[in-house]
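Data block below; observations after.
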Amino acid sequence: MIARVIVDVPSRATDRPFDYGIPDAMSGWVEVGSRVGVPFAGRVLQGFVIAIVPFAEVDSKKLKPIAELLDHLPPLSPDLVELAQWISDKYCCALTTALQAMIPSALKGKADSVVTLAEEAEASDGRLIEVADEPWLHYVRQSGGEVRLALLQERFPGAAASIKAAIQRGTLEERVSIRDRLAVRKVLTVFPPENPAEAEASIAAASSRAAKQQEVARYMLEHREPIPLAALAQALSMTTGTIRGAEEKGWILIRETVQQRDPYAGRGFRRTEPLSLTEGQQAVYDELAEALDNESSRVFLLHGVTGSGKTEVYLQAIERCLKDERQAIVLVPEIALTPQMVERFKGRFGDSVAVMHSRLSSGERYDEWRKIREGRAQVTVGARSAVFAPFKRIGLIIIDEEHESSYKQEESPKYHARDVAVWRARQHNALVVLGSATPSLESFVAASASRGQEADGNASPSVKRGATLLPMPDRVGGRPLPKVHLIDMRDELKGGNRSMFSRQLHEALLLRLERGEQSVLLLNRRGYSTFVMCRSCGYTAQCPHCDISLTYHQKSKALRCHYCGHAEQAPEVCPSCESEHIRFFGTGTQRVEEELAKLFPGIRVIRMDVDTTTEKGSHEKWLTQFGNREADVLLGTQMVAKGLDFPYVTLVGVIAADTSLHLPDFRAAEKTFQLLTQVAGRAGRHELPGEVVVQTYNPEHYAIVSSQHHDYSSFVQEELKHRRFMAYPPFCRLILVTLSHEQLALLISEGEKLASTLRDLARAAGVKSSDDGDGSRFIDILGPVASPIPRMKDRYRFQCMIKYRGNVGASDLLKQAISLLSGTNGQPPVTMSVDVDPQVIL
DNA sequence: CTTCCGGTGAGT
DNA sequence: CTCACCGGAAGG
């Protein structure tokens, strides 16, 4: 049989299967989804088997055998391979890129050479025959005649030529293989003896000299449970030597065992029982349960206001799914994946939960992944990439806060977890449940269309239909949504208040301090940043490699570029006009913190932003402190808006609601509405009633007014009008192509070429190029224009936007156009990055 | 994306 | 005749 392999070279030329023979020793082990090492262009590369076929496409002379099989259990299953193919097609990326995205990074092996000293090189007296006095040769001999080539090169940097010569001559034999970045963690573990009766007799017969060793043996006979060597030594306060002594006498066993890194080890999760559901929850649950029983793939949009108890519905639906021996995936936005959230799932489903998020080390993530792969977990809670969890039989995929833009991956493969989930669910006849208090317009339109309640008569036919809307309009326990006060900051200024706190917010904060209640303050950070500006000439510090302002880091007193990492010393005087009035504007949150300290002496503030949460576990630490009421105010950026649930929070303040409103992104209003609604939902979730104060300069804007009244549907009506008028999603779809090159002129001409080729192809396919507003199909190619960041890492950037509606084969046209581009004779080629359904247009 | 290979031209 | 360098094609 022949294995068709995708090699790990992410370029267009190699993005196709290559055939390899399966050696007899591996037959039966190599499967679709296996990870293998294969010879390719004179080296060994990692690859994935995507098919096993009886005949090769090339003649057998060219065919080479697979060099090695990298795992016992294939890391991917045939359904994931199929999914990868869909992703590579839909999101225009190399198949290997999609495949790689599905496995933990610990498994991304790189080729590594091991050199062995050939036997002929040694004479009978042990002296080396060929090159006697090379120091590296002695080193190889000392290491048992075998050593990693990389290590040898590292130890003997000057010996490259002589090592190479030795390999060519055959003195050294080179063997190439793929080494994983990380193996399972092994630990020495003590076991009770195989034959307890025999051991017991032997212990009794032993002299009193080995008292300590006898103690070890008796302990193991009594407890019976395997225990890590180090832990036992500590428990009995002795050294491991004593325990090893007991092993030598045959009283106990010491073996290497695979240790599971459990990031949540030693943390007790209080077991919870299903709560009784409210009427609203029950109705939703019933519908999900029935759909689960039908075992056909469906998509539900669970539109529940904040505090309506969506999580309990998820938990019970999962329970139902598990009873049926099917597994469940829960996706949560990265920043909402708080210990609180994890606790709810661990508390209900215990050890059968695997947790996956970016704050785990790569080893921890690998172990959680294996827990799923080996069938020891039935539920996974994780960020975006958990949609690829290697379960065998998925019954349910839940996407909480489905509107979050973090479900879109910004690097290749630029997939949207929501779309991947829908596709994967179809493979498994599983349900997708999209949950949100503020659904994305795309999902909402898809769900309304299927219900026959047209959200808009002209909703695009390209919008996927067939989602079922499940509304949950009431909060659990009949608690009212918090009252939202809009404060017009223009009036504050007129009234002579130049502080960043309105009088009302000031008073509200004071009241919480008096009552000992807590407040959450949100700084809508987009628009603020930490930059340097000269107050006399207006100079701002720019990155020399990217067209972007440098950010100021207070700790290191340095200026840094976010995009390329360039760093320089912060200047003392303006480099342009030599004025001393150069100012460093700190993060917005820093400024707010300072002002709070000034206005409310003794106030305890926890500040959460990129500066204070980069350290591992810091995020968690702050939230625990706040939960323990060790602070009065939790101040932060978007991360304080999501998923937090603290009973003593009765005030939410939004310092400036509109900083995100006027960004040049068609989703600006939607993002603002979502953020305000989410953060308002943090107040008054328990017994104490909540209050929200929103400061704004645009109190009439529909996004702000709708959020004041918690009125999703009027926001949607208004926003859909704008989107339709401007022909933006969900009334069309977008593909953003970014081109970059060192040379501006070449970049522009290549960009023009791409755009005109695309236009020609579209015309030839008979698709009209403008939107008639009647919902019919069209494809429009905009640009090329300079990207929002026109230069990054010394490369200029231009972009084309493809806007289309209906089944026009847009990505096929694009792929065709890219392949038609005639090289750049002599110059390095223009790099192109394709973003299908981009979330951030900025 | 690397590596290989054949072609060229300068150097021994 | 050898060697370094380059550009283009192939990689199973």
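We label chains A, B, ... in the order they appear in the structure tokens, count residues from 1 in each chain, and number ligands from 1 in the order shown.
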
Please identify which residues in range 178-353 of chain A DSSP calls strand (DSSP E or B) from the backbone, and express them as JSON, numbers by chain.
-> {"A": [178, 179, 185, 186, 187, 188, 189, 190, 191, 227, 228, 253, 254, 255, 256, 257, 258, 259, 298, 299, 300, 301, 302, 303, 304, 327, 328, 329, 330, 331, 353]}

Skipping near chain neighbours, those fewer than 6 positions away, what residues fall within 12 Å of range 2-8 of chain C using only C-alpha atoms (C1' of nucleotides), listed as a list in words?
->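 Non-adjacent residues within range: Asn825, Gly826 and Gln827 of chain A; DC4, DC5, DG6, DG7, DT8, DG9, DA10, DG11 and DT12 of chain B.
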
Using C-alpha atoms (C1' of nucleotides), can you export the residues from the last selection as a PDB file, in the first residue's frame?
ATOM      1  CA  ASN A 825      11.699  38.700 -12.468  1.00  0.00           C
ATOM      2  CA  GLY A 826      14.700  38.672 -10.201  1.00  0.00           C
ATOM      3  CA  GLN A 827      13.092  40.326  -7.219  1.00  0.00           C
TER       4      GLN A 827
ATOM      5  C1'  DC B   4      19.736  19.716  -6.326  1.00  0.00           C
ATOM      6  C1'  DC B   5      21.421  20.388 -10.739  1.00  0.00           C
ATOM      7  C1'  DG B   6      23.180  22.370 -14.751  1.00  0.00           C
ATOM      8  C1'  DG B   7      25.070  26.519 -16.644  1.00  0.00           C
ATOM      9  C1'  DT B   8      28.268  30.214 -16.510  1.00  0.00           C
ATOM     10  C1'  DG B   9      32.527  32.588 -15.773  1.00  0.00           C
ATOM     11  C1'  DA B  10      36.651  33.438 -13.322  1.00  0.00           C
ATOM     12  C1'  DG B  11      40.707  31.327 -11.339  1.00  0.00           C
ATOM     13  C1'  DT B  12      44.574  27.681 -11.076  1.00  0.00           C
TER      14       DT B  12
END

What are the residues of chain A that have an atom within 12 Å of an atom of chain B, counting only C-alpha atoms (C1' of nucleotides), as a PDB file with C-alpha atoms, in the first residue's frame?
ATOM      1  CA  VAL A   7       4.848  17.363   4.090  1.00  0.00           C
ATOM      2  CA  ASP A   8       5.374  20.199   6.520  1.00  0.00           C
ATOM      3  CA  VAL A   9       6.499  22.849   4.073  1.00  0.00           C
ATOM      4  CA  PRO A  10       3.898  25.596   3.989  1.00  0.00           C
ATOM      5  CA  SER A  11       4.360  26.897   0.461  1.00  0.00           C
ATOM      6  CA  ARG A  12       2.110  26.791  -2.539  1.00  0.00           C
ATOM      7  CA  ALA A  13       4.459  24.584  -4.553  1.00  0.00           C
ATOM      8  CA  THR A  14       4.479  21.797  -1.977  1.00  0.00           C
ATOM      9  CA  ASP A  15       0.866  22.027  -0.930  1.00  0.00           C
ATOM     10  CA  PRO A  39      12.613  11.775   3.123  1.00  0.00           C
ATOM     11  CA  PHE A  40      11.969  14.866   1.063  1.00  0.00           C
ATOM     12  CA  ALA A  41      14.460  16.692  -1.146  1.00  0.00           C
ATOM     13  CA  GLY A  42      17.402  15.201   0.688  1.00  0.00           C
ATOM     14  CA  ARG A  43      16.271  15.627   4.273  1.00  0.00           C
ATOM     15  CA  VAL A  44      13.708  14.206   6.605  1.00  0.00           C
ATOM     16  CA  LEU A  45      10.517  16.171   7.196  1.00  0.00           C
TER      17      LEU A  45
END

Write down, as a ChimeraX atom specification, each residue of chain C that has any atom within 10 Å of an atom of chain A, counting only C-alpha atoms (C1' of nucleotides).
-> /C:7,10-12

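Put simply, CA of Thr824 in chain A is 26.0 Å away from CA of Thr96 in chain A.
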
Would you list the contacts of Ala727 in chain A as a count of residues only, taking every protein, DNA or RNA residue within 10 Å and counting only C-alpha atoms (C1' of nucleotides), but skipping same-chain residues closer than 3 positions in sequence?
-> 18

Determine the nearest neighbour of Val305 in chain A from the options A:Ala437, A:Val30, A:Trp622, A:Lys110, counting only C-alpha atoms.
->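 Of the candidates, the smallest distance to Val305 in chain A is held by A:Ala437.
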
Record the distance separating CA of Asp89 in chain A and CA of Glu752 in chain A, expressed in Å with one decimal.
-> 24.6 Å
